[in-house]
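Next up, data_8.txt (compact mmCIF, N, CA, C and O atoms):
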```
# COMPACT_ATOMS: atom_id res chain seq x y z
N ALA A 1 -5.05 2.99 -9.01
CA ALA A 1 -4.60 1.80 -9.71
C ALA A 1 -4.54 0.60 -8.76
O ALA A 1 -4.87 -0.51 -9.14
N ALA A 2 -4.11 0.83 -7.52
CA ALA A 2 -4.02 -0.27 -6.55
C ALA A 2 -5.40 -0.85 -6.28
O ALA A 2 -5.58 -2.08 -6.24
N ALA A 3 -6.39 0.01 -6.09
CA ALA A 3 -7.75 -0.46 -5.81
C ALA A 3 -8.29 -1.27 -6.98
O ALA A 3 -8.91 -2.33 -6.78
N GLU A 4 -8.08 -0.80 -8.19
CA GLU A 4 -8.56 -1.52 -9.36
C GLU A 4 -7.87 -2.87 -9.51
O GLU A 4 -8.50 -3.87 -9.86
N TYR A 5 -6.58 -2.92 -9.22
CA TYR A 5 -5.84 -4.17 -9.29
C TYR A 5 -6.42 -5.18 -8.30
O TYR A 5 -6.68 -6.33 -8.64
N VAL A 6 -6.63 -4.74 -7.08
CA VAL A 6 -7.15 -5.65 -6.05
C VAL A 6 -8.57 -6.10 -6.40
O VAL A 6 -8.90 -7.28 -6.26
N LEU A 7 -9.40 -5.20 -6.86
CA LEU A 7 -10.77 -5.59 -7.27
C LEU A 7 -10.74 -6.66 -8.35
O LEU A 7 -11.57 -7.56 -8.37
N ALA A 8 -9.78 -6.57 -9.25
CA ALA A 8 -9.69 -7.52 -10.37
C ALA A 8 -9.11 -8.87 -9.97
O ALA A 8 -9.37 -9.87 -10.64
N HIS A 9 -8.33 -8.93 -8.87
CA HIS A 9 -7.60 -10.15 -8.56
C HIS A 9 -7.98 -10.83 -7.24
O HIS A 9 -7.77 -12.04 -7.11
N ALA A 10 -8.47 -10.11 -6.27
CA ALA A 10 -8.72 -10.70 -4.95
C ALA A 10 -10.13 -11.28 -4.87
O ALA A 10 -11.08 -10.68 -5.39
N PRO A 11 -10.28 -12.41 -4.22
CA PRO A 11 -11.61 -12.97 -4.03
C PRO A 11 -12.45 -12.06 -3.13
O PRO A 11 -11.92 -11.41 -2.23
N PRO A 12 -13.74 -12.02 -3.37
CA PRO A 12 -14.62 -11.20 -2.50
C PRO A 12 -14.48 -11.61 -1.03
O PRO A 12 -14.35 -12.79 -0.71
N GLY A 13 -14.47 -10.62 -0.17
CA GLY A 13 -14.37 -10.87 1.26
C GLY A 13 -12.98 -11.12 1.79
O GLY A 13 -12.80 -11.38 2.98
N SER A 14 -11.97 -11.03 0.92
CA SER A 14 -10.60 -11.37 1.35
C SER A 14 -9.72 -10.15 1.55
O SER A 14 -8.54 -10.31 1.87
N VAL A 15 -10.26 -8.94 1.39
CA VAL A 15 -9.42 -7.74 1.37
C VAL A 15 -9.60 -6.90 2.63
O VAL A 15 -10.71 -6.61 3.05
N ALA A 16 -8.47 -6.49 3.19
CA ALA A 16 -8.45 -5.58 4.34
C ALA A 16 -7.54 -4.41 4.01
O ALA A 16 -6.55 -4.56 3.29
N THR A 17 -7.89 -3.26 4.53
CA THR A 17 -7.00 -2.10 4.43
C THR A 17 -6.45 -1.84 5.82
O THR A 17 -7.11 -2.08 6.82
N LEU A 18 -5.23 -1.36 5.86
CA LEU A 18 -4.54 -1.21 7.13
C LEU A 18 -4.10 0.22 7.35
O LEU A 18 -3.50 0.85 6.47
N GLU A 19 -4.39 0.72 8.51
CA GLU A 19 -3.95 2.00 9.03
C GLU A 19 -4.13 3.15 8.06
O GLU A 19 -5.25 3.56 7.78
N MET A 20 -3.07 3.71 7.49
CA MET A 20 -3.17 4.92 6.68
C MET A 20 -3.85 4.70 5.32
O MET A 20 -4.22 5.65 4.65
N ALA A 21 -4.06 3.46 4.93
CA ALA A 21 -4.79 3.18 3.69
C ALA A 21 -6.29 3.19 3.91
O ALA A 21 -7.07 3.23 2.96
N ASN A 22 -6.72 3.17 5.18
CA ASN A 22 -8.15 3.12 5.47
C ASN A 22 -8.91 4.33 4.93
O ASN A 22 -9.94 4.19 4.28
N LEU A 23 -8.43 5.51 5.22
CA LEU A 23 -9.16 6.72 4.85
C LEU A 23 -9.36 6.85 3.34
O LEU A 23 -10.50 6.98 2.89
N PRO A 24 -8.31 6.80 2.52
CA PRO A 24 -8.56 6.99 1.09
C PRO A 24 -9.37 5.87 0.45
O PRO A 24 -10.21 6.12 -0.41
N LEU A 25 -9.15 4.63 0.87
CA LEU A 25 -9.82 3.52 0.21
C LEU A 25 -11.24 3.28 0.73
O LEU A 25 -12.13 2.95 -0.04
N LEU A 26 -11.44 3.42 2.02
CA LEU A 26 -12.75 3.13 2.59
C LEU A 26 -13.66 4.34 2.66
O LEU A 26 -14.85 4.25 2.37
N GLU A 27 -13.13 5.47 3.04
CA GLU A 27 -13.95 6.67 3.20
C GLU A 27 -14.11 7.43 1.89
O GLU A 27 -15.22 7.81 1.52
N TYR A 28 -13.02 7.66 1.19
CA TYR A 28 -13.07 8.46 -0.03
C TYR A 28 -13.58 7.64 -1.22
O TYR A 28 -14.51 8.03 -1.90
N GLN A 29 -12.96 6.48 -1.45
CA GLN A 29 -13.34 5.66 -2.60
C GLN A 29 -14.49 4.69 -2.30
O GLN A 29 -15.04 4.10 -3.21
N ARG A 30 -14.78 4.52 -1.03
CA ARG A 30 -15.88 3.64 -0.59
C ARG A 30 -15.76 2.21 -1.14
O ARG A 30 -16.73 1.63 -1.62
N ARG A 31 -14.57 1.66 -1.03
CA ARG A 31 -14.33 0.29 -1.47
C ARG A 31 -14.97 -0.68 -0.48
O ARG A 31 -15.05 -0.40 0.71
N PRO A 32 -15.38 -1.86 -0.94
CA PRO A 32 -16.10 -2.82 -0.09
C PRO A 32 -15.18 -3.71 0.74
O PRO A 32 -15.31 -4.93 0.74
N TRP A 33 -14.23 -3.10 1.44
CA TRP A 33 -13.24 -3.88 2.16
C TRP A 33 -13.33 -3.65 3.66
O TRP A 33 -14.03 -2.77 4.13
N THR A 34 -12.59 -4.44 4.41
CA THR A 34 -12.61 -4.39 5.86
C THR A 34 -11.44 -3.58 6.39
O THR A 34 -10.31 -3.74 5.94
N GLN A 35 -11.72 -2.74 7.35
CA GLN A 35 -10.69 -1.93 7.99
C GLN A 35 -10.08 -2.71 9.15
O GLN A 35 -10.81 -3.22 10.00
N VAL A 36 -8.76 -2.80 9.15
CA VAL A 36 -8.05 -3.36 10.30
C VAL A 36 -7.06 -2.31 10.77
O VAL A 36 -6.46 -1.61 9.97
N ASN A 37 -6.89 -2.21 12.08
CA ASN A 37 -6.04 -1.16 12.63
C ASN A 37 -4.86 -1.67 13.43
O ASN A 37 -4.01 -0.88 13.82
N ASP A 38 -4.82 -2.98 13.69
CA ASP A 38 -3.73 -3.50 14.50
C ASP A 38 -3.56 -4.99 14.25
O ASP A 38 -4.32 -5.60 13.48
N LEU A 39 -2.58 -5.58 14.90
CA LEU A 39 -2.25 -6.98 14.69
C LEU A 39 -3.42 -7.90 15.05
O LEU A 39 -3.74 -8.82 14.29
N GLN A 40 -4.07 -7.66 16.15
CA GLN A 40 -5.18 -8.54 16.55
C GLN A 40 -6.32 -8.49 15.54
O GLN A 40 -6.87 -9.53 15.18
N ALA A 41 -6.65 -7.31 15.06
CA ALA A 41 -7.71 -7.19 14.06
C ALA A 41 -7.31 -7.90 12.76
O ALA A 41 -8.15 -8.53 12.11
N LEU A 42 -6.04 -7.82 12.39
CA LEU A 42 -5.56 -8.52 11.21
C LEU A 42 -5.69 -10.03 11.38
O LEU A 42 -6.20 -10.73 10.50
N MET A 43 -5.26 -10.55 12.52
CA MET A 43 -5.34 -12.00 12.76
C MET A 43 -6.80 -12.45 12.82
O MET A 43 -7.13 -13.53 12.32
N ASP A 44 -7.67 -11.64 13.39
CA ASP A 44 -9.10 -11.97 13.40
C ASP A 44 -9.65 -12.02 11.98
O ASP A 44 -10.44 -12.91 11.64
N PHE A 45 -9.23 -11.07 11.15
CA PHE A 45 -9.70 -11.02 9.76
C PHE A 45 -9.21 -12.24 8.97
O PHE A 45 -9.93 -12.78 8.14
N GLU A 46 -8.00 -12.69 9.24
CA GLU A 46 -7.42 -13.84 8.53
C GLU A 46 -8.17 -15.14 8.81
O GLU A 46 -8.22 -16.02 7.95
N ARG A 47 -8.71 -15.24 9.99
CA ARG A 47 -9.30 -16.49 10.46
C ARG A 47 -10.36 -17.02 9.48
O ARG A 47 -11.29 -16.32 9.12
N GLY A 48 -10.16 -18.27 9.07
CA GLY A 48 -11.12 -18.95 8.21
C GLY A 48 -11.02 -18.61 6.73
O GLY A 48 -11.84 -19.07 5.94
N LYS A 49 -10.03 -17.83 6.34
CA LYS A 49 -9.88 -17.45 4.92
C LYS A 49 -8.71 -18.22 4.30
O LYS A 49 -7.67 -18.36 4.90
N SER A 50 -8.92 -18.68 3.08
CA SER A 50 -7.82 -19.34 2.37
C SER A 50 -6.82 -18.32 1.83
O SER A 50 -5.66 -18.65 1.59
N GLU A 51 -7.28 -17.10 1.62
CA GLU A 51 -6.44 -15.99 1.15
C GLU A 51 -6.81 -14.73 1.90
O GLU A 51 -7.98 -14.49 2.14
N THR A 52 -5.79 -13.95 2.23
CA THR A 52 -6.02 -12.63 2.81
C THR A 52 -5.17 -11.63 2.04
O THR A 52 -3.97 -11.83 1.87
N TRP A 53 -5.82 -10.57 1.58
CA TRP A 53 -5.14 -9.49 0.87
C TRP A 53 -5.15 -8.27 1.78
O TRP A 53 -6.19 -7.93 2.35
N VAL A 54 -4.00 -7.63 1.90
CA VAL A 54 -3.90 -6.43 2.73
C VAL A 54 -3.32 -5.30 1.87
O VAL A 54 -2.31 -5.49 1.19
N ILE A 55 -3.97 -4.15 1.94
CA ILE A 55 -3.48 -2.96 1.26
C ILE A 55 -3.01 -1.99 2.33
O ILE A 55 -3.74 -1.69 3.28
N LEU A 56 -1.78 -1.53 2.17
CA LEU A 56 -1.23 -0.58 3.13
C LEU A 56 -0.45 0.48 2.37
O LEU A 56 -0.11 0.31 1.20
N THR A 57 -0.19 1.57 3.04
CA THR A 57 0.64 2.62 2.46
C THR A 57 1.66 3.06 3.50
O THR A 57 1.50 2.80 4.68
N MET A 58 2.71 3.68 3.03
CA MET A 58 3.79 4.15 3.89
C MET A 58 4.32 3.04 4.79
O MET A 58 4.22 3.09 6.02
N PRO A 59 4.91 2.00 4.19
CA PRO A 59 5.38 0.86 4.97
C PRO A 59 6.39 1.21 6.06
O PRO A 59 6.38 0.59 7.12
N ALA A 60 7.25 2.19 5.83
CA ALA A 60 8.23 2.57 6.87
C ALA A 60 7.52 3.11 8.10
O ALA A 60 7.93 2.83 9.24
N HIS A 61 6.47 3.86 7.89
CA HIS A 61 5.68 4.37 9.01
C HIS A 61 5.03 3.22 9.77
O HIS A 61 5.08 3.17 11.01
N LEU A 62 4.42 2.30 9.05
CA LEU A 62 3.77 1.15 9.69
C LEU A 62 4.79 0.34 10.50
O LEU A 62 4.51 -0.04 11.64
N ALA A 63 5.97 0.11 9.94
CA ALA A 63 7.00 -0.65 10.65
C ALA A 63 7.42 0.05 11.93
O ALA A 63 7.71 -0.60 12.95
N ALA A 64 7.42 1.37 11.92
CA ALA A 64 7.83 2.14 13.10
C ALA A 64 6.76 2.17 14.18
O ALA A 64 7.07 2.06 15.36
N VAL A 65 5.50 2.32 13.79
CA VAL A 65 4.44 2.48 14.80
C VAL A 65 3.77 1.16 15.18
O VAL A 65 3.16 1.08 16.25
N GLN A 66 3.88 0.15 14.33
CA GLN A 66 3.29 -1.16 14.62
C GLN A 66 4.27 -2.27 14.23
O GLN A 66 4.03 -3.02 13.28
N PRO A 67 5.36 -2.38 14.94
CA PRO A 67 6.38 -3.37 14.55
C PRO A 67 5.87 -4.81 14.54
O PRO A 67 6.30 -5.61 13.70
N GLU A 68 4.95 -5.16 15.43
CA GLU A 68 4.43 -6.53 15.46
C GLU A 68 3.58 -6.82 14.23
O GLU A 68 3.65 -7.91 13.65
N THR A 69 2.76 -5.85 13.83
CA THR A 69 1.95 -6.01 12.64
C THR A 69 2.85 -6.11 11.41
O THR A 69 2.66 -6.98 10.55
N TRP A 70 3.85 -5.24 11.33
CA TRP A 70 4.78 -5.27 10.22
C TRP A 70 5.53 -6.60 10.17
O TRP A 70 5.75 -7.17 9.09
N ALA A 71 5.92 -7.13 11.32
CA ALA A 71 6.63 -8.41 11.36
C ALA A 71 5.76 -9.53 10.77
O ALA A 71 6.24 -10.37 10.01
N ARG A 72 4.48 -9.54 11.12
CA ARG A 72 3.58 -10.56 10.57
C ARG A 72 3.43 -10.39 9.06
O ARG A 72 3.46 -11.37 8.31
N LEU A 73 3.23 -9.16 8.62
CA LEU A 73 3.10 -8.92 7.19
C LEU A 73 4.37 -9.30 6.43
O LEU A 73 4.31 -9.75 5.29
N SER A 74 5.51 -9.14 7.06
CA SER A 74 6.79 -9.46 6.42
C SER A 74 7.06 -10.96 6.38
O SER A 74 7.68 -11.46 5.44
N SER A 75 6.60 -11.68 7.41
CA SER A 75 6.90 -13.11 7.47
C SER A 75 5.80 -14.00 6.90
O SER A 75 6.09 -15.06 6.34
N GLU A 76 4.55 -13.60 7.03
CA GLU A 76 3.42 -14.45 6.63
C GLU A 76 2.84 -14.10 5.26
O GLU A 76 2.06 -14.87 4.71
N TYR A 77 3.18 -12.93 4.75
CA TYR A 77 2.61 -12.45 3.49
C TYR A 77 3.70 -12.27 2.45
O TYR A 77 4.85 -12.04 2.79
N ARG A 78 3.30 -12.33 1.20
CA ARG A 78 4.24 -12.00 0.13
C ARG A 78 3.77 -10.70 -0.52
O ARG A 78 2.58 -10.39 -0.53
N GLU A 79 4.70 -9.99 -1.04
CA GLU A 79 4.38 -8.73 -1.71
C GLU A 79 3.82 -9.05 -3.09
O GLU A 79 4.53 -9.60 -3.94
N GLU A 80 2.58 -8.72 -3.31
CA GLU A 80 1.91 -8.99 -4.58
C GLU A 80 2.25 -7.91 -5.61
O GLU A 80 2.57 -8.22 -6.74
N LYS A 81 2.13 -6.65 -5.19
CA LYS A 81 2.37 -5.55 -6.12
C LYS A 81 2.60 -4.26 -5.33
O LYS A 81 2.04 -4.09 -4.26
N VAL A 82 3.43 -3.39 -5.88
CA VAL A 82 3.70 -2.09 -5.26
C VAL A 82 3.34 -1.01 -6.28
O VAL A 82 3.72 -1.10 -7.45
N PHE A 83 2.61 -0.01 -5.82
CA PHE A 83 2.23 1.12 -6.64
C PHE A 83 2.93 2.35 -6.08
O PHE A 83 2.66 2.75 -4.95
N TYR A 84 3.82 2.90 -6.85
CA TYR A 84 4.63 4.03 -6.39
C TYR A 84 3.90 5.35 -6.64
O TYR A 84 3.31 5.55 -7.70
N GLY A 85 3.94 6.22 -5.65
CA GLY A 85 3.33 7.53 -5.77
C GLY A 85 4.39 8.59 -6.03
O GLY A 85 5.55 8.28 -6.31
N THR A 86 3.98 9.82 -5.91
CA THR A 86 4.90 10.91 -6.16
C THR A 86 5.75 11.25 -4.94
O THR A 86 6.82 11.83 -5.07
N GLY A 87 5.27 10.92 -3.76
CA GLY A 87 6.01 11.20 -2.53
C GLY A 87 6.88 10.03 -2.12
O GLY A 87 6.46 8.88 -2.16
N ARG A 88 8.10 10.32 -1.73
CA ARG A 88 9.03 9.27 -1.32
C ARG A 88 8.48 8.54 -0.08
O ARG A 88 8.08 9.16 0.89
N GLY A 89 8.44 7.22 -0.15
CA GLY A 89 7.95 6.41 0.96
C GLY A 89 6.44 6.30 1.02
O GLY A 89 5.90 5.65 1.89
N GLY A 90 5.74 6.91 0.07
CA GLY A 90 4.28 6.89 0.08
C GLY A 90 3.67 5.84 -0.82
O GLY A 90 2.52 5.95 -1.21
N GLU A 91 4.43 4.81 -1.15
CA GLU A 91 3.91 3.78 -2.03
C GLU A 91 2.73 3.03 -1.39
O GLU A 91 2.59 2.98 -0.17
N ILE A 92 1.92 2.46 -2.24
CA ILE A 92 0.81 1.60 -1.81
C ILE A 92 1.26 0.17 -2.06
O ILE A 92 1.66 -0.17 -3.17
N VAL A 93 1.21 -0.64 -1.02
CA VAL A 93 1.70 -2.01 -1.10
C VAL A 93 0.52 -2.97 -0.94
O VAL A 93 -0.30 -2.81 -0.03
N VAL A 94 0.47 -3.95 -1.82
CA VAL A 94 -0.53 -5.01 -1.74
C VAL A 94 0.19 -6.27 -1.33
O VAL A 94 1.13 -6.70 -2.01
N LYS A 95 -0.24 -6.85 -0.20
CA LYS A 95 0.37 -8.09 0.29
C LYS A 95 -0.70 -9.18 0.34
O LYS A 95 -1.86 -8.89 0.59
N VAL A 96 -0.27 -10.43 0.11
CA VAL A 96 -1.20 -11.54 0.08
C VAL A 96 -0.67 -12.69 0.93
O VAL A 96 0.51 -13.03 0.89
N ARG A 97 -1.58 -13.29 1.66
CA ARG A 97 -1.28 -14.48 2.46
C ARG A 97 -2.15 -15.61 1.93
O ARG A 97 -3.37 -15.50 1.90
N ARG A 98 -1.50 -16.68 1.49
CA ARG A 98 -2.26 -17.84 0.98
C ARG A 98 -1.96 -19.04 1.82
O ARG A 98 -0.94 -19.20 2.39
```
What does this structure look like when you write it as structure tokens?
Amino acid sequence: AAAEYVLAHAPPGSVATLEMANLPLLEYQRRPWTQVNDLQALMDFERGKSETWVILTMPAHLAAVQPETWARLSSEYREEKVFYGTGRGGEIVVKVRR
């Protein structure tokens, strides 16, 4: 559902997947998005875009292992939509920076 939502709403070329969302969205579903793995890659991806959409999963894990990336996502992005899964803390979060 998260992938379909983003496909319907995000401009082409504006979507990145982050860390644990990379495998299911890029490898399994083969979505046409960019993989970013850290803060520098995220900032590089943002450059020159009027909008940046980021899809991530397990936000508590991301905050623990990449606090700088999480800080940027928390301060520079707004939460567009959250898709809750069956596992606690395993939600898929869509964030947007305009």
Exercise for review: Would you mind listing what lies within 8 Å of A:Met20 as a list in words, with only C-alpha atoms counted and same-chain residues fewer than 6 positions away left out?
Suggested key: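 My list of contacting residues is Leu56, Thr57 and Met58 of chain A.
Of the listed residues (A:Val94, A:Thr69, A:Ile55, A:Lys81), A:Thr69 comes nearest to A:Gln40; the distances count only N, CA, C and O atoms.
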**Study point:** For A:Val54, the nearest of the candidates A:Ala1, A:Leu39, A:Ala16, A:Ala10, counting all atoms listed in the file
**Key:** A:Ala16
Practice item. Identify, on the basis of all atoms listed in the file, every residue whose closest approach to A:Thr34 does not exceed 6 Å; exclude the query and any residue fewer than 4 positions from it along the same chain; express the result as a list in words. Key: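 What passes the distance filter is Val15, Ala16, Thr17 and Leu18 of chain A.
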Would you save the residues from that selection as a PDB file, in the frame of the given file, using N, CA, C and O atoms?
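Listed below is the output, again-v2.pdb:
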```
ATOM      1  N   VAL A  15     -10.260  -8.940   1.390  1.00  0.00           N
ATOM      2  CA  VAL A  15      -9.420  -7.740   1.370  1.00  0.00           C
ATOM      3  C   VAL A  15      -9.600  -6.900   2.630  1.00  0.00           C
ATOM      4  O   VAL A  15     -10.710  -6.610   3.050  1.00  0.00           O
ATOM      5  N   ALA A  16      -8.470  -6.490   3.190  1.00  0.00           N
ATOM      6  CA  ALA A  16      -8.450  -5.580   4.340  1.00  0.00           C
ATOM      7  C   ALA A  16      -7.540  -4.410   4.010  1.00  0.00           C
ATOM      8  O   ALA A  16      -6.550  -4.560   3.290  1.00  0.00           O
ATOM      9  N   THR A  17      -7.890  -3.260   4.530  1.00  0.00           N
ATOM     10  CA  THR A  17      -7.000  -2.100   4.430  1.00  0.00           C
ATOM     11  C   THR A  17      -6.450  -1.840   5.820  1.00  0.00           C
ATOM     12  O   THR A  17      -7.110  -2.080   6.820  1.00  0.00           O
ATOM     13  N   LEU A  18      -5.230  -1.360   5.860  1.00  0.00           N
ATOM     14  CA  LEU A  18      -4.540  -1.210   7.130  1.00  0.00           C
ATOM     15  C   LEU A  18      -4.100   0.220   7.350  1.00  0.00           C
ATOM     16  O   LEU A  18      -3.500   0.850   6.470  1.00  0.00           O
TER      17      LEU A  18
END
```
Point to revise | Top pick for closest residue to A:Glu46, considering A:Gly13, A:Pro32, A:Pro59, A:Pro67 and counting all atoms listed in the file | key: A:Gly13
Point to revise | Residue among A:Glu51, A:Glu4, A:Glu91, A:Asp38 lying closest to A:Trp70, counting all atoms listed in the file | key: A:Asp38
Study note, to complete from the structure: The residue from A:Pro11, A:Gly85, A:Arg78, A:Ala3 with the smallest atom-to-atom distance to A:Arg98, counting all atoms listed in the file, is A:Arg78
Practice item. Tell me, in Å to one decimal, how far atom O of A:Lys49 is from atom CA of A:Gly90. Key: 28.3 Å
Point to revise | DSSP helix (DSSP H, G or I) residues within stretch 37-66 of chain A, as a list in words | key: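 Answer for stretch 37-66 of chain A, restricted to helix (DSSP H, G or I): Leu39, Gln40, Ala41, Leu42, Met43, Asp44, Phe45, Glu46, Pro59, Ala60, His61, Leu62, Ala63, Ala64 and Val65 of chain A.
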**Study point:** Gap from atom O of A:Ser14 to atom O of A:Glu68 - Å, one decimal
**Key:**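 Taking atom O of A:Ser14 and atom O of A:Glu68, their separation equals 17.1 Å.
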Point to revise | atom C of A:Leu25 to atom N of A:Val96, straight-line distance in Å | key: 17.6 Å
